[in-house]
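Here's protein_5.pdb, which has PDB, C-alpha atoms:
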ATOM      1  CA  MET A  79     -10.572  18.091 -22.763
ATOM      2  CA  VAL A  80     -11.906  15.876 -19.960
ATOM      3  CA  ALA A  81     -14.346  13.258 -21.282
ATOM      4  CA  ASP A  82     -16.103  11.217 -18.589
ATOM      5  CA  ASP A  83     -19.776  10.623 -17.875
ATOM      6  CA  HIS A  84     -19.346  11.151 -14.117
ATOM      7  CA  PRO A  85     -19.432  14.877 -13.225
ATOM      8  CA  LEU A  86     -17.661  14.309  -9.899
ATOM      9  CA  PHE A  87     -14.702  12.621 -11.575
ATOM     10  CA  ARG A  88     -14.561  15.321 -14.256
ATOM     11  CA  GLY A  89     -14.385  17.846 -11.446
ATOM     12  CA  ALA A  90     -11.608  15.910  -9.729
ATOM     13  CA  LEU A  91      -9.592  15.747 -12.940
ATOM     14  CA  ARG A  92     -10.153  19.461 -13.553
ATOM     15  CA  SER A  93      -8.784  20.239 -10.080
ATOM     16  CA  ALA A  94      -5.806  17.945 -10.613
ATOM     17  CA  ILE A  95      -4.940  19.613 -13.926
ATOM     18  CA  LEU A  96      -5.325  23.164 -12.633
ATOM     19  CA  GLY A  97      -3.102  22.316  -9.686
ATOM     20  CA  ALA A  98      -0.230  21.768 -12.111
ATOM     21  CA  PHE A  99      -1.247  23.955 -15.076
ATOM     22  CA  GLN A 100      -2.903  27.040 -13.622
ATOM     23  CA  ASP A 101      -3.492  28.714 -16.991
ATOM     24  CA  ALA A 102      -5.016  25.635 -18.628
ATOM     25  CA  GLU A 103      -8.315  26.028 -20.460
ATOM     26  CA  ILE A 104     -10.361  22.911 -19.764
ATOM     27  CA  SER A 105     -13.446  21.700 -21.612
ATOM     28  CA  GLU A 106     -15.659  18.856 -20.411
ATOM     29  CA  ALA A 107     -17.827  16.256 -22.108
ATOM     30  CA  GLY A 108     -20.128  13.627 -20.633
ATOM     31  CA  SER A 109     -20.559  11.612 -23.829
ATOM     32  CA  ILE A 110     -18.720  10.835 -27.044
ATOM     33  CA  GLU A 111     -21.248  12.997 -28.919
ATOM     34  CA  GLU A 112     -20.504  16.017 -26.712
ATOM     35  CA  LEU A 113     -16.797  15.336 -27.118
ATOM     36  CA  VAL A 114     -16.952  15.351 -30.926
ATOM     37  CA  ILE A 115     -18.990  18.574 -30.931
ATOM     38  CA  GLU A 116     -16.444  20.287 -28.678
ATOM     39  CA  LEU A 117     -13.482  19.039 -30.718
ATOM     40  CA  ASP A 118     -15.059  20.387 -33.891
ATOM     41  CA  ARG A 119     -15.523  23.714 -32.100
ATOM     42  CA  VAL A 120     -11.957  23.792 -30.725
ATOM     43  CA  PRO A 121      -9.819  21.782 -33.182
ATOM     44  CA  GLU A 122      -6.559  23.018 -31.643
ATOM     45  CA  MET A 123      -7.146  20.994 -28.429
ATOM     46  CA  ASP A 124      -3.826  19.956 -26.841
ATOM     47  CA  LEU A 125      -4.931  16.800 -25.027
ATOM     48  CA  ILE A 126      -7.947  14.552 -24.460
ATOM     49  CA  LEU A 127      -8.408  12.645 -21.199
ATOM     50  CA  LEU A 128     -10.826   9.872 -22.129
ATOM     51  CA  ASP A 129     -12.831   7.430 -20.036
ATOM     52  CA  LEU A 130     -13.359   4.175 -21.939
ATOM     53  CA  SER A 131     -16.806   3.601 -20.417
ATOM     54  CA  MET A 132     -19.262   6.236 -21.580
ATOM     55  CA  PRO A 133     -22.805   6.113 -22.994
ATOM     56  CA  ASN A 134     -23.053   4.676 -26.525
ATOM     57  CA  VAL A 135     -19.400   3.598 -26.447
ATOM     58  CA  ARG A 136     -18.459  -0.069 -26.695
ATOM     59  CA  GLY A 137     -15.107  -0.930 -25.166
ATOM     60  CA  PHE A 138     -12.361   0.713 -27.197
ATOM     61  CA  SER A 139     -14.642   2.110 -29.915
ATOM     62  CA  GLY A 140     -14.516   5.665 -28.536
ATOM     63  CA  LEU A 141     -10.725   5.636 -28.597
ATOM     64  CA  LEU A 142     -10.727   4.070 -32.058
ATOM     65  CA  LEU A 143     -13.053   6.780 -33.346
ATOM     66  CA  LEU A 144     -10.970   9.618 -31.865
ATOM     67  CA  ARG A 145      -7.694   8.305 -33.257
ATOM     68  CA  ALA A 146      -9.283   7.984 -36.710
ATOM     69  CA  GLN A 147     -11.044  11.354 -36.719
ATOM     70  CA  TYR A 148      -8.536  13.488 -34.773
ATOM     71  CA  PRO A 149      -5.124  11.846 -35.298
ATOM     72  CA  GLY A 150      -3.246  15.007 -34.349
ATOM     73  CA  ILE A 151      -4.658  15.261 -30.807
ATOM     74  CA  PRO A 152      -3.034  13.002 -28.186
ATOM     75  CA  VAL A 153      -5.442  10.896 -26.138
ATOM     76  CA  VAL A 154      -4.786   9.634 -22.618
ATOM     77  CA  VAL A 155      -7.141   6.935 -21.384
ATOM     78  CA  VAL A 156      -8.236   7.424 -17.767
ATOM     79  CA  SER A 157     -10.052   4.268 -16.743
ATOM     80  CA  ALA A 158     -11.233   2.127 -13.854
ATOM     81  CA  HIS A 159     -10.371  -0.928 -15.966
ATOM     82  CA  GLU A 160      -6.752  -1.544 -14.994
ATOM     83  CA  GLU A 161      -6.170  -4.999 -16.477
ATOM     84  CA  LEU A 162      -2.864  -5.333 -18.306
ATOM     85  CA  ASN A 163      -4.376  -6.185 -21.679
ATOM     86  CA  VAL A 164      -6.777  -3.215 -21.462
ATOM     87  CA  VAL A 165      -3.736  -0.972 -20.994
ATOM     88  CA  ARG A 166      -1.897  -2.726 -23.812
ATOM     89  CA  ARG A 167      -4.816  -2.524 -26.257
ATOM     90  CA  SER A 168      -5.358   1.148 -25.462
ATOM     91  CA  MET A 169      -1.763   1.858 -26.399
ATOM     92  CA  GLU A 170      -1.998  -0.311 -29.534
ATOM     93  CA  PHE A 171      -5.060   1.682 -30.603
ATOM     94  CA  GLY A 172      -2.965   4.834 -30.454
ATOM     95  CA  ALA A 173      -3.410   6.231 -26.943
ATOM     96  CA  SER A 174      -0.493   8.348 -25.743
ATOM     97  CA  GLY A 175      -0.993   7.219 -22.180
ATOM     98  CA  PHE A 176      -3.067   5.194 -19.757
ATOM     99  CA  ILE A 177      -3.869   6.454 -16.250
ATOM    100  CA  PRO A 178      -5.785   4.142 -13.881
ATOM    101  CA  LYS A 179      -8.434   6.045 -11.934
ATOM    102  CA  THR A 180      -6.759   4.860  -8.723
ATOM    103  CA  THR A 181      -3.590   6.833  -9.580
ATOM    104  CA  ASP A 182      -2.741   9.559  -7.079
ATOM    105  CA  VAL A 183      -2.962  13.203  -8.137
ATOM    106  CA  GLU A 184       0.769  13.860  -8.403
ATOM    107  CA  LYS A 185       1.328  10.860 -10.645
ATOM    108  CA  MET A 186      -1.610  11.969 -12.809
ATOM    109  CA  ARG A 187       0.005  15.364 -13.195
ATOM    110  CA  ASP A 188       3.352  13.780 -14.053
ATOM    111  CA  ALA A 189       1.650  11.595 -16.676
ATOM    112  CA  ILE A 190      -0.047  14.596 -18.275
ATOM    113  CA  ARG A 191       3.250  16.507 -18.355
ATOM    114  CA  VAL A 192       4.998  13.604 -20.094
ATOM    115  CA  VAL A 193       2.314  13.387 -22.789
ATOM    116  CA  LEU A 194       2.158  17.162 -23.339
ATOM    117  CA  GLU A 195       5.937  17.059 -23.878
ATOM    118  CA  GLY A 196       5.443  14.471 -26.620
ATOM    119  CA  GLY A 197       6.051  11.279 -24.668
ATOM    120  CA  THR A 198       3.913   8.345 -23.599
ATOM    121  CA  TRP A 199       2.983   7.225 -20.098
ATOM    122  CA  THR A 200       1.714   3.997 -18.579
ATOM    123  CA  PRO A 201       1.847   2.776 -14.984
ATOM    124  CA  PRO A 202       5.503   1.877 -14.266
ATOM    125  CA  ASP A 203       4.568  -1.519 -12.818
ATOM    126  CA  PHE A 204       2.815  -2.631 -16.039
ATOM    127  CA  ASP A 205       4.978  -4.709 -18.375
ATOM    128  CA  LEU A 206       3.567  -3.963 -21.816
ATOM    129  CA  LYS A 207       6.272  -6.115 -23.398
ATOM    130  CA  ALA A 208       4.871  -9.275 -21.874
ATOM    131  CA  VAL A 209       3.823 -12.088 -24.213
ATOM    132  CA  THR A 210       0.869 -11.037 -26.364
ATOM    133  CA  ASP A 211      -1.599 -12.773 -28.643
ATOM    134  CA  ASP A 212      -0.212 -12.061 -32.122
ATOM    135  CA  ASP A 213      -3.546 -12.756 -33.846
ATOM    136  CA  THR A 214      -5.391 -10.291 -31.640
ATOM    137  CA  SER A 215      -2.654  -7.687 -32.024
ATOM    138  CA  ALA A 216      -2.911  -8.066 -35.802
ATOM    139  CA  LEU A 217      -6.671  -7.513 -35.587
ATOM    140  CA  VAL A 218      -6.113  -4.387 -33.497
ATOM    141  CA  ARG A 219      -3.858  -3.009 -36.219
ATOM    142  CA  ARG A 220      -6.481  -3.755 -38.873
ATOM    143  CA  LEU A 221      -9.243  -2.114 -36.838
ATOM    144  CA  ALA A 222      -7.047   0.950 -36.441
ATOM    145  CA  THR A 223      -7.072   1.435 -40.240
ATOM    146  CA  LEU A 224     -10.837   2.084 -40.329
ATOM    147  CA  THR A 225     -12.027   5.591 -41.120
ATOM    148  CA  PRO A 226     -14.296   7.386 -38.608
ATOM    149  CA  GLN A 227     -17.380   6.619 -40.710
ATOM    150  CA  GLN A 228     -16.347   2.979 -41.050
ATOM    151  CA  VAL A 229     -15.986   2.757 -37.270
ATOM    152  CA  ARG A 230     -19.534   4.085 -36.893
ATOM    153  CA  VAL A 231     -20.867   1.606 -39.447
ATOM    154  CA  LEU A 232     -19.097  -1.297 -37.742
ATOM    155  CA  MET A 233     -20.523  -0.337 -34.365
ATOM    156  CA  MET A 234     -24.018  -0.145 -35.867
ATOM    157  CA  LEU A 235     -23.558  -3.525 -37.526
ATOM    158  CA  SER A 236     -22.633  -4.933 -34.137
ATOM    159  CA  GLY A 237     -25.837  -3.440 -32.756
ATOM    160  CA  GLY A 238     -27.836  -5.479 -35.261
ATOM    161  CA  LEU A 239     -28.838  -2.612 -37.556
ATOM    162  CA  LEU A 240     -29.623  -3.303 -41.208
ATOM    163  CA  ASN A 241     -28.093  -1.280 -44.045
ATOM    164  CA  LYS A 242     -31.323   0.706 -44.416
ATOM    165  CA  GLN A 243     -31.287   1.607 -40.711
ATOM    166  CA  ILE A 244     -27.611   2.558 -40.780
ATOM    167  CA  ALA A 245     -28.203   4.733 -43.840
ATOM    168  CA  TYR A 246     -31.011   6.533 -41.997
ATOM    169  CA  GLU A 247     -28.914   7.071 -38.851
ATOM    170  CA  LEU A 248     -25.938   8.422 -40.810
ATOM    171  CA  ASN A 249     -28.055  10.326 -43.341
ATOM    172  CA  VAL A 250     -26.415   8.617 -46.306
ATOM    173  CA  SER A 251     -27.619   6.297 -49.071
ATOM    174  CA  GLU A 252     -27.797   2.509 -48.744
ATOM    175  CA  ALA A 253     -25.242   2.293 -51.557
ATOM    176  CA  THR A 254     -22.821   4.310 -49.429
ATOM    177  CA  VAL A 255     -23.384   1.983 -46.476
ATOM    178  CA  LYS A 256     -22.768  -1.056 -48.687
ATOM    179  CA  ALA A 257     -19.512   0.508 -49.858
ATOM    180  CA  HIS A 258     -18.454   1.078 -46.243
ATOM    181  CA  VAL A 259     -19.325  -2.522 -45.325
ATOM    182  CA  SER A 260     -17.273  -3.846 -48.247
ATOM    183  CA  ALA A 261     -14.309  -1.696 -47.198
ATOM    184  CA  ILE A 262     -14.636  -2.886 -43.595
ATOM    185  CA  LEU A 263     -14.605  -6.544 -44.648
ATOM    186  CA  GLN A 264     -11.541  -5.958 -46.807
ATOM    187  CA  LYS A 265      -9.628  -4.087 -44.103
ATOM    188  CA  LEU A 266     -10.434  -6.667 -41.418
ATOM    189  CA  GLY A 267      -9.618  -9.557 -43.721
ATOM    190  CA  VAL A 268     -12.986 -11.259 -43.215
ATOM    191  CA  ASP A 269     -15.603 -12.580 -45.621
ATOM    192  CA  SER A 270     -18.909 -11.699 -44.001
ATOM    193  CA  ARG A 271     -20.761  -9.196 -41.864
ATOM    194  CA  THR A 272     -20.950 -11.826 -39.135
ATOM    195  CA  GLN A 273     -17.173 -12.106 -38.933
ATOM    196  CA  ALA A 274     -16.896  -8.315 -38.890
ATOM    197  CA  VAL A 275     -19.330  -8.204 -35.973
ATOM    198  CA  ILE A 276     -17.218 -10.799 -34.144
ATOM    199  CA  ALA A 277     -14.269  -8.425 -34.508
ATOM    200  CA  ALA A 278     -16.417  -5.584 -33.158
ATOM    201  CA  SER A 279     -17.466  -7.760 -30.222
ATOM    202  CA  ARG A 280     -13.875  -7.781 -29.097
ATOM    203  CA  ILE A 281     -14.057  -4.005 -28.824
ATOM    204  CA  GLU A 282     -17.364  -4.188 -26.974
ATOM    205  CA  ALA A 283     -16.060  -6.719 -24.468
ATOM    206  CA  GLY A 284     -13.186  -4.487 -23.488
ATOM    207  CA  GLN A 285     -11.237  -7.573 -22.489
ATOM    208  CA  TRP A 286     -10.583  -8.688 -26.068
ATOM    209  CA  ALA A 287     -11.346 -12.372 -25.480
ATOM    210  CA  ASP A 288      -9.809 -14.725 -28.001
ATOM    211  CA  ILE A 289     -12.285 -15.455 -30.803
ATOM    212  CA  ASN A 290     -11.476 -17.560 -33.835
ATOM    213  CA  MET A 291     -11.910 -15.391 -36.916
ATOM    214  CA  ASN A 292     -11.701 -18.305 -39.377
TER     215      ASN A 292
END

As a first step, turn the structure in this file into structure tokens.
Amino acid sequence: MVADDHPLFRGALRSAILGAFQDAEISEAGSIEELVIELDRVPEMDLILLDLSMPNVRGFSGLLLLRAQYPGIPVVVVSAHEELNVVRRSMEFGASGFIPKTTDVEKMRDAIRVVLEGGTWTPPDFDLKAVTDDDTSALVRRLATLTPQQVRVLMMLSGGLLNKQIAYELNVSEATVKAHVSAILQKLGVDSRTQAVIAASRIEAGQWADINMN
């Protein structure tokens, strides 16, 4: 599965994959909604190549949603954002690899082979063991415990939606939304919706700026 909102880049990735895996069956999606529909249709997908920046996706939220909803399908992030902490956070959120969009075709193919064989791949010149912010890493781990529906609720909270509006969008009761919000607060270790939204803003920013959660 190639998920990117730019048709030309999807085409380039398709060509790169077929050059190494001639019998591959490749699906495409231009949005996270299309991606979820296709994954529900073909649940035995072997690999997802995911662009972080797509419509209605804030930072790492698309990756977070996929890892929660489809934990058995490896995801490789293919992104124009090549900063070290974007690579690191992608891997912490459960990606099996990170391929910068500037990577040449042969290296892309090598990366895909490694992941399909059960390994992980990141650019060899990126030191993911460099000093990290322990507080932010701990928050990443807490965010990764959210269920798919809780991820959706958190993203809607960050968009300023009220419980009634979220209930309408998700076609559930307000009581169900309140239960999700309570679970989100507990999992993130925060006391209010505002603090939960601050956590979500780190996802939206993509850069995961340091924000005091206390």

All file atoms of range 150-160 of chain A boxed axis-aligned, 4 Å per side, centre plus edges, as JSON:
{"center_x": -7.1, "center_y": 6.9, "center_z": -24.1, "size_x": 16.2, "size_y": 24.8, "size_z": 28.5}

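Proximity of A:Lys256, A:Thr272, A:Gln228, A:Arg191 to Ala98 in chain A, computed with all atoms listed in the file, is greatest for A:Arg191.
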
Item to check | Polymer residues at most 12 Å from Ser260 in chain A, all atoms listed in the file, same-chain spacing of 3 or more positions, as a list in words | outcome: Leu224, Gln228, Val231, Leu232, Asn241, Ala253, Thr254, Val255, Lys256, Ala257, Leu263, Gln264, Lys265, Leu266, Gly267, Val268, Asp269, Ser270, Arg271 and Ala274 of chain A

Item to check | Output check: residues returned by the PyMOL selection byres ((chain A and resi 199) around 7), as a ChimeraX atom specification | outcome: /A:174-176,189,192-193,197-198,200-201

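Once the PyMOL selection byres ((chain A and resi 223) around 10) is applied to this file, the selection holds A:Leu142, A:Arg145, A:Ala146, A:Phe171, A:Val218, A:Arg219, A:Arg220, A:Leu221, A:Ala222, A:Leu224, A:Thr225, A:Pro226, A:Gln228, A:Val229, A:Ile262, A:Lys265, A:Leu266.
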
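Here CA of Leu128 in chain A is placed at a distance of 24.1 Å from CA of Leu248 in chain A.
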
Next on the checklist: Counting all atoms listed in the file, which residue out of A:Ile115, A:Ile95, A:Thr180, A:Asp203 sits closest to Leu162 in chain A?
Outcome noted: A:Asp203

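Once all atoms listed in the file are considered, the residues situated within 12 Å of the file point (-18.8, 16.2, -29.9) turn out to be Met79, Ala81, Ser105, Glu106, Ala107, Gly108, Ser109, Ile110, Glu111, Glu112, Leu113, Val114, Ile115, Glu116, Leu117, Asp118, Arg119, Val120, Pro121, Gly140, Leu143, Leu144, Gln147 and Tyr148 of chain A.
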
Next on the checklist: Can you measure CA of Ser168 in chain A to CA of Leu96 in chain A for me? One decimal in Å is fine.
Outcome noted: 25.5 Å

Next on the checklist: Can you spell out as JSON, numbers by chain the set of residues that the PyMOL selection byres ((chain A and resi 237) around 12) selects in the structure I just provided?
Outcome noted: {"A": [134, 135, 136, 230, 231, 232, 233, 234, 235, 236, 238, 239, 240, 241, 243, 244, 271, 272, 274, 275, 276, 278, 279, 282]}

Checklist outcome for this item: One decimal place gives the CA of Arg167 in chain A-CA of Val153 in chain A separation as 13.4 Å

Fix up range 231-261 of chain A with N, CA and C atoms, then write it as a PDB file, in the frame of the given file.
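Saved to result-v6.pdb:
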ATOM      1  N   VAL A 231     -20.109   2.660 -38.775  1.00  0.00           N
ATOM      2  CA  VAL A 231     -20.867   1.606 -39.447  1.00  0.00           C
ATOM      3  C   VAL A 231     -20.634   0.264 -38.760  1.00  0.00           C
ATOM      4  N   LEU A 232     -19.400  -0.026 -38.407  1.00  0.00           N
ATOM      5  CA  LEU A 232     -19.097  -1.297 -37.742  1.00  0.00           C
ATOM      6  C   LEU A 232     -19.811  -1.406 -36.401  1.00  0.00           C
ATOM      7  N   MET A 233     -19.836  -0.309 -35.652  1.00  0.00           N
ATOM      8  CA  MET A 233     -20.523  -0.337 -34.365  1.00  0.00           C
ATOM      9  C   MET A 233     -22.034  -0.544 -34.552  1.00  0.00           C
ATOM     10  N   MET A 234     -22.584   0.039 -35.603  1.00  0.00           N
ATOM     11  CA  MET A 234     -24.018  -0.145 -35.867  1.00  0.00           C
ATOM     12  C   MET A 234     -24.319  -1.560 -36.339  1.00  0.00           C
ATOM     13  N   LEU A 235     -23.407  -2.128 -37.132  1.00  0.00           N
ATOM     14  CA  LEU A 235     -23.558  -3.525 -37.526  1.00  0.00           C
ATOM     15  C   LEU A 235     -23.580  -4.421 -36.290  1.00  0.00           C
ATOM     16  N   SER A 236     -22.708  -4.118 -35.346  1.00  0.00           N
ATOM     17  CA  SER A 236     -22.633  -4.933 -34.137  1.00  0.00           C
ATOM     18  C   SER A 236     -23.888  -4.778 -33.283  1.00  0.00           C
ATOM     19  N   GLY A 237     -24.588  -3.650 -33.471  1.00  0.00           N
ATOM     20  CA  GLY A 237     -25.837  -3.440 -32.756  1.00  0.00           C
ATOM     21  C   GLY A 237     -27.034  -4.070 -33.447  1.00  0.00           C
ATOM     22  N   GLY A 238     -26.773  -4.768 -34.564  1.00  0.00           N
ATOM     23  CA  GLY A 238     -27.836  -5.479 -35.261  1.00  0.00           C
ATOM     24  C   GLY A 238     -28.606  -4.665 -36.273  1.00  0.00           C
ATOM     25  N   LEU A 239     -28.121  -3.460 -36.607  1.00  0.00           N
ATOM     26  CA  LEU A 239     -28.838  -2.612 -37.556  1.00  0.00           C
ATOM     27  C   LEU A 239     -28.631  -3.102 -38.983  1.00  0.00           C
ATOM     28  N   LEU A 240     -29.683  -2.983 -39.790  1.00  0.00           N
ATOM     29  CA  LEU A 240     -29.623  -3.303 -41.208  1.00  0.00           C
ATOM     30  C   LEU A 240     -29.059  -2.115 -41.981  1.00  0.00           C
ATOM     31  N   ASN A 241     -28.645  -2.364 -43.225  1.00  0.00           N
ATOM     32  CA  ASN A 241     -28.093  -1.280 -44.045  1.00  0.00           C
ATOM     33  C   ASN A 241     -29.032  -0.089 -44.128  1.00  0.00           C
ATOM     34  N   LYS A 242     -30.340  -0.366 -44.301  1.00  0.00           N
ATOM     35  CA  LYS A 242     -31.323   0.706 -44.416  1.00  0.00           C
ATOM     36  C   LYS A 242     -31.349   1.556 -43.143  1.00  0.00           C
ATOM     37  N   GLN A 243     -31.265   0.886 -41.990  1.00  0.00           N
ATOM     38  CA  GLN A 243     -31.287   1.607 -40.711  1.00  0.00           C
ATOM     39  C   GLN A 243     -30.011   2.426 -40.511  1.00  0.00           C
ATOM     40  N   ILE A 244     -28.884   1.840 -40.892  1.00  0.00           N
ATOM     41  CA  ILE A 244     -27.611   2.558 -40.780  1.00  0.00           C
ATOM     42  C   ILE A 244     -27.612   3.785 -41.683  1.00  0.00           C
ATOM     43  N   ALA A 245     -28.126   3.615 -42.899  1.00  0.00           N
ATOM     44  CA  ALA A 245     -28.203   4.733 -43.840  1.00  0.00           C
ATOM     45  C   ALA A 245     -29.034   5.871 -43.253  1.00  0.00           C
ATOM     46  N   TYR A 246     -30.136   5.524 -42.608  1.00  0.00           N
ATOM     47  CA  TYR A 246     -31.011   6.533 -41.997  1.00  0.00           C
ATOM     48  C   TYR A 246     -30.277   7.256 -40.867  1.00  0.00           C
ATOM     49  N   GLU A 247     -29.612   6.483 -39.999  1.00  0.00           N
ATOM     50  CA  GLU A 247     -28.914   7.071 -38.851  1.00  0.00           C
ATOM     51  C   GLU A 247     -27.785   8.003 -39.282  1.00  0.00           C
ATOM     52  N   LEU A 248     -27.087   7.634 -40.358  1.00  0.00           N
ATOM     53  CA  LEU A 248     -25.938   8.422 -40.810  1.00  0.00           C
ATOM     54  C   LEU A 248     -26.304   9.439 -41.891  1.00  0.00           C
ATOM     55  N   ASN A 249     -27.576   9.404 -42.313  1.00  0.00           N
ATOM     56  CA  ASN A 249     -28.055  10.326 -43.341  1.00  0.00           C
ATOM     57  C   ASN A 249     -27.264  10.184 -44.642  1.00  0.00           C
ATOM     58  N   VAL A 250     -27.086   8.909 -45.039  1.00  0.00           N
ATOM     59  CA  VAL A 250     -26.415   8.617 -46.306  1.00  0.00           C
ATOM     60  C   VAL A 250     -27.268   7.593 -47.064  1.00  0.00           C
ATOM     61  N   SER A 251     -26.874   7.277 -48.277  1.00  0.00           N
ATOM     62  CA  SER A 251     -27.619   6.297 -49.071  1.00  0.00           C
ATOM     63  C   SER A 251     -27.231   4.875 -48.671  1.00  0.00           C
ATOM     64  N   GLU A 252     -28.121   3.914 -49.011  1.00  0.00           N
ATOM     65  CA  GLU A 252     -27.797   2.509 -48.744  1.00  0.00           C
ATOM     66  C   GLU A 252     -26.572   2.076 -49.540  1.00  0.00           C
ATOM     67  N   ALA A 253     -26.408   2.630 -50.735  1.00  0.00           N
ATOM     68  CA  ALA A 253     -25.242   2.293 -51.557  1.00  0.00           C
ATOM     69  C   ALA A 253     -23.949   2.699 -50.848  1.00  0.00           C
ATOM     70  N   THR A 254     -23.992   3.859 -50.176  1.00  0.00           N
ATOM     71  CA  THR A 254     -22.821   4.310 -49.429  1.00  0.00           C
ATOM     72  C   THR A 254     -22.529   3.370 -48.269  1.00  0.00           C
ATOM     73  N   VAL A 255     -23.572   2.933 -47.575  1.00  0.00           N
ATOM     74  CA  VAL A 255     -23.384   1.983 -46.476  1.00  0.00           C
ATOM     75  C   VAL A 255     -22.788   0.683 -46.988  1.00  0.00           C
ATOM     76  N   LYS A 256     -23.299   0.183 -48.108  1.00  0.00           N
ATOM     77  CA  LYS A 256     -22.768  -1.056 -48.687  1.00  0.00           C
ATOM     78  C   LYS A 256     -21.295  -0.907 -49.023  1.00  0.00           C
ATOM     79  N   ALA A 257     -20.922   0.260 -49.530  1.00  0.00           N
ATOM     80  CA  ALA A 257     -19.512   0.508 -49.858  1.00  0.00           C
ATOM     81  C   ALA A 257     -18.657   0.495 -48.592  1.00  0.00           C
ATOM     82  N   HIS A 258     -19.176   1.094 -47.519  1.00  0.00           N
ATOM     83  CA  HIS A 258     -18.454   1.078 -46.243  1.00  0.00           C
ATOM     84  C   HIS A 258     -18.303  -0.348 -45.729  1.00  0.00           C
ATOM     85  N   VAL A 259     -19.375  -1.137 -45.811  1.00  0.00           N
ATOM     86  CA  VAL A 259     -19.325  -2.522 -45.325  1.00  0.00           C
ATOM     87  C   VAL A 259     -18.281  -3.314 -46.106  1.00  0.00           C
ATOM     88  N   SER A 260     -18.255  -3.149 -47.416  1.00  0.00           N
ATOM     89  CA  SER A 260     -17.273  -3.846 -48.247  1.00  0.00           C
ATOM     90  C   SER A 260     -15.847  -3.465 -47.852  1.00  0.00           C
ATOM     91  N   ALA A 261     -15.635  -2.169 -47.599  1.00  0.00           N
ATOM     92  CA  ALA A 261     -14.309  -1.696 -47.198  1.00  0.00           C
ATOM     93  C   ALA A 261     -13.920  -2.261 -45.837  1.00  0.00           C
TER      94      ALA A 261
END
